[in-house]
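Here is the file structure-v4.cif (mmCIF, C-alpha atoms).
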```cif
data_protein
#
loop_
_atom_site.label_atom_id
_atom_site.label_comp_id
_atom_site.auth_asym_id
_atom_site.auth_seq_id
_atom_site.Cartn_x
_atom_site.Cartn_y
_atom_site.Cartn_z
CA MET A 14 22.11 -27.83 -9.85
CA LYS A 15 22.65 -27.67 -6.11
CA PRO A 16 23.20 -24.66 -3.85
CA PRO A 17 26.63 -23.40 -2.82
CA PRO A 18 27.80 -24.14 0.76
CA PHE A 19 26.11 -22.32 3.64
CA GLU A 20 26.10 -22.26 7.44
CA TYR A 21 23.01 -23.75 9.05
CA TYR A 22 21.28 -22.81 12.31
CA ALA A 23 18.13 -24.42 13.75
CA PRO A 24 16.94 -22.19 16.62
CA THR A 25 14.09 -23.29 18.89
CA THR A 26 12.89 -19.79 19.87
CA VAL A 27 12.13 -16.57 18.02
CA GLU A 28 14.70 -14.78 20.17
CA GLU A 29 17.45 -17.19 19.13
CA ALA A 30 16.50 -16.83 15.45
CA LEU A 31 16.63 -13.04 15.72
CA VAL A 32 20.13 -13.23 17.20
CA HIS A 33 21.37 -15.15 14.14
CA LEU A 34 19.63 -12.79 11.72
CA ALA A 35 21.07 -9.73 13.45
CA GLU A 36 24.56 -11.24 13.50
CA HIS A 37 24.64 -12.17 9.80
CA GLY A 38 22.42 -9.47 8.25
CA TYR A 39 22.06 -9.65 4.48
CA ASP A 40 24.09 -12.89 4.35
CA ALA A 41 21.31 -14.78 6.17
CA LYS A 42 17.95 -16.09 5.00
CA PRO A 43 15.20 -17.52 7.23
CA LEU A 44 13.88 -20.90 6.08
CA ALA A 45 10.15 -21.50 6.57
CA GLY A 46 8.47 -24.14 4.37
CA GLY A 47 11.27 -23.92 1.81
CA GLN A 48 8.90 -24.24 -1.17
CA SER A 49 10.27 -21.04 -2.73
CA LEU A 50 13.71 -20.56 -1.15
CA ILE A 51 15.10 -24.06 -1.79
CA PRO A 52 14.34 -24.11 -5.55
CA MET A 53 15.84 -20.62 -5.84
CA MET A 54 18.97 -21.81 -4.06
CA ASN A 55 19.20 -24.90 -6.26
CA PHE A 56 19.13 -22.68 -9.35
CA ARG A 57 21.51 -20.27 -7.57
CA LEU A 58 19.07 -17.42 -7.95
CA ALA A 59 19.54 -17.01 -4.19
CA GLN A 60 22.90 -17.70 -2.55
CA PRO A 61 22.64 -17.03 1.19
CA ALA A 62 25.74 -17.74 3.23
CA VAL A 63 23.62 -18.56 6.29
CA ILE A 64 20.29 -20.40 6.66
CA VAL A 65 18.23 -19.85 9.82
CA ASP A 66 15.73 -22.72 9.91
CA LEU A 67 12.47 -21.72 11.67
CA ASN A 68 10.87 -25.17 11.67
CA ASN A 69 11.81 -25.99 15.27
CA ILE A 70 10.09 -22.91 16.68
CA GLU A 71 6.79 -24.34 17.89
CA GLY A 72 5.39 -21.00 19.03
CA LEU A 73 5.05 -19.73 15.45
CA SER A 74 2.41 -22.26 14.37
CA PHE A 75 -1.14 -21.44 15.52
CA ILE A 76 -4.58 -20.19 14.51
CA ARG A 77 -6.13 -18.24 17.38
CA PRO A 78 -9.34 -16.20 17.77
CA GLU A 79 -8.87 -12.76 19.31
CA ASP A 80 -11.20 -10.80 21.60
CA ASP A 81 -12.01 -8.28 18.86
CA GLY A 82 -13.31 -11.01 16.55
CA SER A 83 -10.18 -11.18 14.41
CA LEU A 84 -7.99 -14.22 13.81
CA ALA A 85 -4.28 -14.45 14.56
CA VAL A 86 -2.29 -16.84 12.37
CA GLY A 87 1.29 -17.78 13.20
CA ALA A 88 3.82 -17.25 10.43
CA MET A 89 4.91 -20.92 10.47
CA THR A 90 1.36 -22.30 10.22
CA ARG A 91 1.28 -24.76 7.31
CA HIS A 92 -1.05 -24.01 4.41
CA GLN A 93 -2.69 -27.37 4.96
CA MET A 94 -3.52 -26.51 8.57
CA VAL A 95 -5.09 -23.23 7.44
CA GLU A 96 -6.99 -25.01 4.67
CA LYS A 97 -8.60 -27.47 7.10
CA SER A 98 -9.23 -25.07 10.00
CA GLU A 99 -12.86 -24.61 11.09
CA LEU A 100 -11.89 -21.23 12.54
CA ILE A 101 -10.74 -20.09 9.10
CA VAL A 102 -14.00 -21.34 7.55
CA GLU A 103 -16.01 -19.35 10.10
CA LYS A 104 -13.94 -16.20 10.53
CA ALA A 105 -12.02 -15.83 7.26
CA PRO A 106 -14.00 -17.53 4.47
CA LEU A 107 -12.05 -15.78 1.70
CA VAL A 108 -8.85 -17.35 3.04
CA HIS A 109 -10.58 -20.74 3.20
CA GLU A 110 -11.65 -20.36 -0.44
CA THR A 111 -8.11 -19.35 -1.41
CA MET A 112 -6.11 -22.18 0.12
CA PRO A 113 -6.98 -25.01 -2.35
CA GLN A 114 -5.90 -22.73 -5.21
CA ILE A 115 -2.34 -22.46 -3.86
CA ALA A 116 -0.02 -24.84 -5.74
CA THR A 117 -0.57 -28.55 -4.98
CA SER A 118 -1.50 -30.47 -1.83
CA GLN A 119 2.11 -31.65 -1.49
CA ILE A 120 3.38 -28.07 -1.47
CA ARG A 121 0.61 -26.97 0.89
CA SER A 122 1.69 -29.68 3.35
CA ARG A 123 5.06 -27.90 3.74
CA GLY A 124 4.50 -24.29 2.68
CA THR A 125 3.71 -21.78 5.42
CA PHE A 126 1.28 -18.89 5.69
CA GLY A 127 3.95 -16.36 6.71
CA GLY A 128 6.56 -17.71 4.32
CA SER A 129 4.31 -17.09 1.33
CA LEU A 130 3.64 -13.52 2.46
CA ALA A 131 7.27 -12.73 3.29
CA HIS A 132 8.33 -13.99 -0.16
CA ALA A 133 6.19 -11.17 -1.64
CA ASP A 134 5.51 -12.88 -4.97
CA PRO A 135 2.98 -10.75 -6.92
CA SER A 136 1.46 -13.95 -8.34
CA ALA A 137 0.81 -15.42 -4.86
CA GLU A 138 -2.83 -15.65 -3.83
CA LEU A 139 -2.24 -14.92 -0.14
CA VAL A 140 -0.36 -11.71 -0.96
CA CYS A 141 -3.42 -10.43 -2.83
CA VAL A 142 -5.96 -11.73 -0.30
CA SER A 143 -4.14 -10.27 2.71
CA VAL A 144 -4.50 -6.79 1.19
CA ALA A 145 -8.14 -7.37 0.26
CA LEU A 146 -8.87 -8.35 3.88
CA ASP A 147 -6.97 -5.39 5.40
CA GLY A 148 -4.67 -7.79 7.20
CA GLU A 149 -1.92 -6.68 9.57
CA PHE A 150 1.53 -8.21 10.02
CA LYS A 151 3.53 -8.41 13.24
CA ILE A 152 7.26 -8.04 12.59
CA ALA A 153 9.86 -8.75 15.28
CA ASN A 154 13.52 -7.86 15.77
CA GLN A 155 15.80 -7.78 18.80
CA SER A 156 14.54 -4.32 19.77
CA GLY A 157 10.86 -5.24 19.83
CA GLU A 158 7.85 -5.62 17.54
CA ARG A 159 5.90 -3.50 15.07
CA TRP A 160 2.64 -3.92 13.19
CA VAL A 161 2.42 -3.15 9.47
CA PRO A 162 -0.80 -3.07 7.41
CA ALA A 163 -0.72 -5.56 4.53
CA LYS A 164 -1.17 -2.76 1.98
CA ASP A 165 2.08 -1.16 3.22
CA PHE A 166 4.06 -4.40 3.61
CA PHE A 167 4.65 -5.16 -0.09
CA LEU A 168 7.02 -2.74 -1.82
CA GLY A 169 7.56 -4.41 -5.20
CA LEU A 170 8.65 -7.56 -6.97
CA PHE A 171 9.70 -10.03 -4.21
CA THR A 172 10.32 -7.01 -1.97
CA SER A 173 8.75 -6.13 1.37
CA VAL A 174 9.43 -3.81 4.30
CA LEU A 175 11.21 -6.63 6.18
CA GLU A 176 14.77 -5.69 7.15
CA PRO A 177 17.51 -8.38 7.21
CA GLU A 178 17.37 -8.65 11.00
CA GLU A 179 13.56 -8.95 11.14
CA LEU A 180 11.04 -11.81 11.09
CA LEU A 181 7.38 -11.90 10.18
CA VAL A 182 5.89 -13.73 13.18
CA GLU A 183 2.10 -13.25 13.07
CA ILE A 184 -0.70 -12.25 10.72
CA LYS A 185 -3.93 -10.67 11.97
CA LEU A 186 -7.10 -11.08 9.89
CA PRO A 187 -9.87 -8.67 10.96
CA PRO A 188 -13.50 -9.84 11.10
CA PHE A 189 -15.87 -9.24 8.20
CA PRO A 190 -18.54 -6.57 8.74
CA GLU A 191 -22.15 -7.69 8.53
CA ARG A 192 -23.58 -8.17 5.02
CA THR A 193 -20.17 -8.73 3.46
CA GLY A 194 -19.45 -11.04 0.54
CA TRP A 195 -16.19 -12.24 -0.95
CA SER A 196 -14.73 -13.96 -3.98
CA LEU A 197 -11.40 -14.99 -5.47
CA LYS A 198 -11.21 -15.60 -9.21
CA GLU A 199 -8.12 -16.50 -11.21
CA ILE A 200 -7.16 -18.02 -14.55
CA ALA A 201 -4.24 -20.38 -15.19
CA ARG A 202 -3.39 -22.40 -18.29
CA ARG A 203 -3.23 -25.61 -16.25
CA PRO A 204 -4.36 -26.51 -12.74
CA HIS A 205 -1.78 -25.43 -10.13
CA ASP A 206 0.20 -23.26 -12.59
CA PHE A 207 0.93 -19.66 -11.65
CA CYS A 208 -2.15 -17.71 -12.71
CA LEU A 209 -2.22 -15.36 -15.69
CA ILE A 210 -4.34 -12.91 -13.71
CA GLY A 211 -6.53 -13.02 -10.63
CA VAL A 212 -8.72 -10.81 -8.45
CA ALA A 213 -9.95 -10.86 -4.87
CA ALA A 214 -13.20 -8.98 -4.25
CA VAL A 215 -14.74 -8.00 -0.91
CA LEU A 216 -18.12 -6.24 -0.95
CA THR A 217 -20.17 -4.83 1.94
CA LEU A 218 -23.83 -3.80 1.49
CA ASP A 219 -25.90 -1.36 3.54
CA GLU A 220 -29.46 -2.05 4.71
CA ASN A 221 -30.79 -0.95 1.30
CA ASN A 222 -28.51 -3.34 -0.60
CA LYS A 223 -26.39 -0.48 -1.90
CA CYS A 224 -22.61 -0.79 -1.87
CA GLN A 225 -21.27 0.47 1.45
CA GLY A 226 -17.67 -0.43 0.60
CA ALA A 227 -15.67 -2.57 -1.80
CA LYS A 228 -12.14 -3.86 -2.30
CA LEU A 229 -10.68 -5.13 -5.56
CA VAL A 230 -7.12 -6.45 -5.40
CA TYR A 231 -5.32 -8.13 -8.30
CA LEU A 232 -2.52 -10.69 -8.52
CA SER A 233 -0.16 -11.13 -11.47
CA ALA A 234 -1.16 -7.59 -12.46
CA GLY A 235 1.97 -5.63 -11.55
CA ASP A 236 5.08 -5.75 -9.36
CA GLY A 237 2.99 -6.43 -6.29
CA PRO A 238 -0.65 -6.74 -5.25
CA VAL A 239 -2.56 -4.06 -7.20
CA GLU A 240 -5.56 -2.47 -5.49
CA ALA A 241 -8.12 -0.85 -7.82
CA THR A 242 -9.23 1.97 -5.54
CA GLN A 243 -10.91 4.06 -8.25
CA ALA A 244 -13.03 1.14 -9.44
CA ALA A 245 -14.06 0.42 -5.85
CA GLU A 246 -14.97 4.08 -5.37
CA LEU A 247 -17.24 3.92 -8.44
CA LEU A 248 -19.32 1.29 -6.64
CA LYS A 249 -19.66 3.07 -3.32
CA GLY A 250 -23.25 4.15 -2.64
CA GLN A 251 -24.49 2.52 -5.83
CA ASP A 252 -27.06 -0.18 -6.48
CA MET A 253 -25.08 -3.24 -7.53
CA THR A 254 -26.56 -3.46 -11.00
CA ASP A 255 -24.94 -5.17 -13.96
CA GLU A 256 -24.12 -1.72 -15.34
CA ALA A 257 -22.36 -0.64 -12.14
CA ILE A 258 -20.37 -3.87 -12.00
CA ARG A 259 -19.41 -3.57 -15.66
CA ALA A 260 -18.22 0.02 -15.18
CA ALA A 261 -16.05 -0.93 -12.21
CA ALA A 262 -14.55 -3.89 -14.08
CA GLU A 263 -13.72 -1.74 -17.10
CA LYS A 264 -12.17 0.98 -14.92
CA ALA A 265 -9.95 -1.47 -13.07
CA SER A 266 -8.86 -3.52 -16.07
CA ALA A 267 -8.21 -0.58 -18.39
CA GLU A 268 -6.69 1.99 -16.04
CA GLU A 269 -5.60 0.62 -12.67
CA ILE A 270 -3.70 -2.62 -13.25
CA ASP A 271 -0.32 -2.90 -14.96
CA PRO A 272 0.04 -6.43 -16.37
CA SER A 273 3.06 -7.41 -18.46
CA SER A 274 3.40 -9.44 -21.65
CA ASP A 275 5.35 -12.70 -21.62
CA ILE A 276 5.39 -16.10 -23.30
CA HIS A 277 2.16 -17.07 -21.52
CA ALA A 278 -0.06 -14.08 -22.36
CA THR A 279 0.00 -10.52 -23.64
CA ALA A 280 -0.81 -7.56 -21.43
CA GLU A 281 -3.91 -6.92 -23.55
CA PHE A 282 -5.17 -10.47 -22.97
CA ARG A 283 -4.52 -10.17 -19.24
CA ARG A 284 -6.58 -6.95 -19.15
CA HIS A 285 -9.41 -8.76 -20.93
CA LEU A 286 -9.26 -11.59 -18.37
CA ALA A 287 -9.19 -9.08 -15.51
CA ASN A 288 -12.37 -7.46 -16.85
CA VAL A 289 -14.20 -10.80 -17.07
CA LEU A 290 -12.97 -12.07 -13.70
CA THR A 291 -13.82 -8.81 -11.92
CA ARG A 292 -17.42 -9.02 -13.09
CA ARG A 293 -17.65 -12.65 -11.98
CA ALA A 294 -16.04 -11.94 -8.61
CA LEU A 295 -18.28 -8.95 -7.85
CA LYS A 296 -21.42 -10.90 -8.75
CA GLU A 297 -20.40 -13.79 -6.51
CA ALA A 298 -19.48 -11.41 -3.67
CA LEU A 299 -22.86 -9.69 -4.12
CA ASP A 300 -24.73 -12.98 -3.83
CA ARG A 301 -22.84 -13.87 -0.68
CA ALA A 302 -23.37 -10.43 0.85
CA LYS A 303 -27.11 -10.91 0.34
CA GLY A 304 -26.88 -14.26 2.12
CA ASN A 305 -27.53 -16.41 -0.94
#
```
Please go through the file and, once you have read it, give me the structure as structure tokens.
Amino acid sequence: MKPPPFEYYAPTTVEEALVHLAEHGYDAKPLAGGQSLIPMMNFRLAQPAVIVDLNNIEGLSFIRPEDDGSLAVGAMTRHQMVEKSELIVEKAPLVHETMPQIATSQIRSRGTFGGSLAHADPSAELVCVSVALDGEFKIANQSGERWVPAKDFFLGLFTSVLEPEELLVEIKLPPFPERTGWSLKEIARRPHDFCLIGVAAVLTLDENNKCQGAKLVYLSAGDGPVEATQAAELLKGQDMTDEAIRAAAEKASAEEIDPSSDIHATAEFRRHLANVLTRRALKEALDRAKGN
């Protein structure tokens, strides 16, 4: 099946793109890498009357270090560029670890960092990781710009705070504190399939190797990225023993996530996987925080 007819615009600046989006409102859709939007249009799950193609806007593709130690990533930066960036390896190792797990190399050659986030798919790795890293998103419209924390950006299933006349233009990834480890674990039935469940863990230790702070964020565990704040709080101030890790994993998997049942797995099985993956992720993050 092919999409119904639509008007097509190919602006060369953000300002020009925002004019088209403001003019057409809900009838318009911005086109980034097209790895989600185009299949949806072909199946007529999405039927925009207007396409605003962002691929000619050169100023939206970059990876730039900031004075505060953070990284700025342009919304139109290709996954493949992020995957191969030495700056990402150095400044955002959890993102570097995540990129090869996103779809296939062919899709990563076209898909974009901002497009994946704006799509707000709860099974998308970058959606989960952006929350785990306390990322911030710069959103532009004709009136100006605003910054939104990643944890407040995602509202539900394929739903974000973006208004029809707005564009996600930049993502800010803050620097890791000292003695911080990270891990992303997920399970899929086949390589490159959407995962049944996944978790991103970030763990910071104090000088006595006790947990100073932790983040546990799950994908494919609800209508959006699900942060297990109670489980993370259980770890705070504790020695990272097997017992402490097991307690946090059980808390998160039993009480804080909300997985569904479908033809691929039951909710009960997804909770079991979440428990196992959380323990693995926390142990790997602990090793990395210790410098192993």
Closest atom pairs, residues of stretch 255-291 of chain A within 10 Å of stretch 200-204 of chain A, all atoms listed in the file, as CSV:
```
residue,atom,partner,partner_atom,distance
A:His277,CA,A:Arg202,CA,8.3
A:Ala278,CA,A:Arg202,CA,9.8
A:Arg283,CA,A:Ile200,CA,9.5
A:Leu286,CA,A:Ile200,CA,7.8
A:Ala287,CA,A:Ile200,CA,9.2
A:Leu290,CA,A:Ile200,CA,8.4
```
Here atom CA of A:Leu139 and atom CA of A:Gly127 stand apart by 9.3 Å
Problem - Surrounding residues of A:Glu297 excluding itself and chain neighbours under 2 positions, 12 Å, only C-alpha atoms, as a PyMOL selection string - result: chain A and resi 107+193-198+213-216+253+258+290-295+299-305
(message) Can you translate the PyMOL selection byres ((chain A and resi 21) around 8) into the concrete residues it hits in this file, as a ChimeraX atom specification?
(response) /A:19-20,22-23,63-66
Report task. Run through the PyMOL selection byres ((chain A and resi 235) around 7) on the given coordinates and return the selected residues as a PyMOL selection string. Result -> chain A and resi 135+233-234+236-239+270-272
Hey, can you spit out that residue selection with C-alpha atoms as a short mmCIF file (atom, residue, chain, number, x, y, z; two decimals), in the coordinates of the input?
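Resulting contents of result.cif:
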```
data_model
loop_
_atom_site.label_atom_id
_atom_site.label_comp_id
_atom_site.auth_asym_id
_atom_site.auth_seq_id
_atom_site.Cartn_x
_atom_site.Cartn_y
_atom_site.Cartn_z
CA PRO A 135 2.98 -10.75 -6.92
CA SER A 233 -0.16 -11.13 -11.47
CA ALA A 234 -1.16 -7.59 -12.46
CA ASP A 236 5.08 -5.75 -9.36
CA GLY A 237 2.99 -6.43 -6.29
CA PRO A 238 -0.65 -6.74 -5.25
CA VAL A 239 -2.56 -4.06 -7.20
CA ILE A 270 -3.70 -2.62 -13.25
CA ASP A 271 -0.32 -2.90 -14.96
CA PRO A 272 0.04 -6.43 -16.37
#
```
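Among the candidates A:Glu268, A:Glu103, A:Glu199, A:Glu28, the residue lying nearest to A:Glu240 is A:Glu268 (atoms considered: all atoms listed in the file).
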Care to translate the PyMOL selection byres ((chain A and resi 164) around 10) into actual residues of this file, as a compact mmCIF listing (two decimals) with C-alpha atoms, in the coordinates of the input?
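Dumped everything to result-v8.txt:
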```
# COMPACT_ATOMS: atom_id res chain seq x y z
CA VAL A 140 -0.36 -11.71 -0.96
CA CYS A 141 -3.42 -10.43 -2.83
CA SER A 143 -4.14 -10.27 2.71
CA VAL A 144 -4.50 -6.79 1.19
CA ALA A 145 -8.14 -7.37 0.26
CA LEU A 146 -8.87 -8.35 3.88
CA ASP A 147 -6.97 -5.39 5.40
CA GLY A 148 -4.67 -7.79 7.20
CA GLU A 149 -1.92 -6.68 9.57
CA VAL A 161 2.42 -3.15 9.47
CA PRO A 162 -0.80 -3.07 7.41
CA ALA A 163 -0.72 -5.56 4.53
CA ASP A 165 2.08 -1.16 3.22
CA PHE A 166 4.06 -4.40 3.61
CA PHE A 167 4.65 -5.16 -0.09
CA LEU A 168 7.02 -2.74 -1.82
CA GLY A 237 2.99 -6.43 -6.29
CA PRO A 238 -0.65 -6.74 -5.25
CA VAL A 239 -2.56 -4.06 -7.20
CA GLU A 240 -5.56 -2.47 -5.49
```
**Study point:** Atom pair atom CA of A:Gly157 / atom CA of A:Ala88: separation (Å)
**Key:**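 Rounded to one decimal, the two atoms are 16.8 Å apart.
Computed from the coordinates, the atom CA of A:Gly250 to atom CA of A:Lys228 distance equals 13.7 Å.
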Counting only C-alpha atoms, which of A:Gly124, A:Glu71, A:Pro17, A:Leu31 gets nearest to A:Gln48?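 That would be A:Gly124, the residue with the smallest distance to A:Gln48.
The residue that comes closest to A:Ala262, out of A:Ala133, A:Val86, A:Leu247, A:Met53 and on the basis of all atoms listed in the file, is A:Leu247.
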- Query: Within 10 Å of A:Glu179, counting all atoms listed in the file, which residues qualify if same-chain residues fewer than 6 places away don't, as a list of chain:residue names?
  - Reply: A:Ala30, A:Leu31, A:Val32, A:Leu34, A:Ala35, A:Gly38, A:Pro43, A:Ile152, A:Ala153, A:Asn154, A:Gln155, A:Ser156, A:Gly157, A:Glu158
>> Which residues are near A:Pro52? Cut-off 12 Å, all atoms listed in the file, ignore same chain within fewer than 5 positions. Put them as a list in words.
In response: Met14, Lys15, Pro16, Gly46, Gly47, Arg57, Leu58, Ala59 and Gln60 of chain A
Nearest to A:Lys151: which of A:Asp219, A:Asp134, A:Glu183, A:Asp40 is it, counting all atoms listed in the file?
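Closest residue, counting all atoms listed in the file: A:Glu183.
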| field | Using only C-alpha atoms: which of A:Val102, A:Val27, A:Arg159, A:Ile51 has the shortest distance to A:Ser74 | value |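 Closest residue, counting only C-alpha atoms: A:Val27.
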- Counting only C-alpha atoms, the residue of A:Ser136, A:Ser49, A:Ser122, A:Gln114 that sits nearest A:Gly169: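 Closest candidate: A:Ser136.
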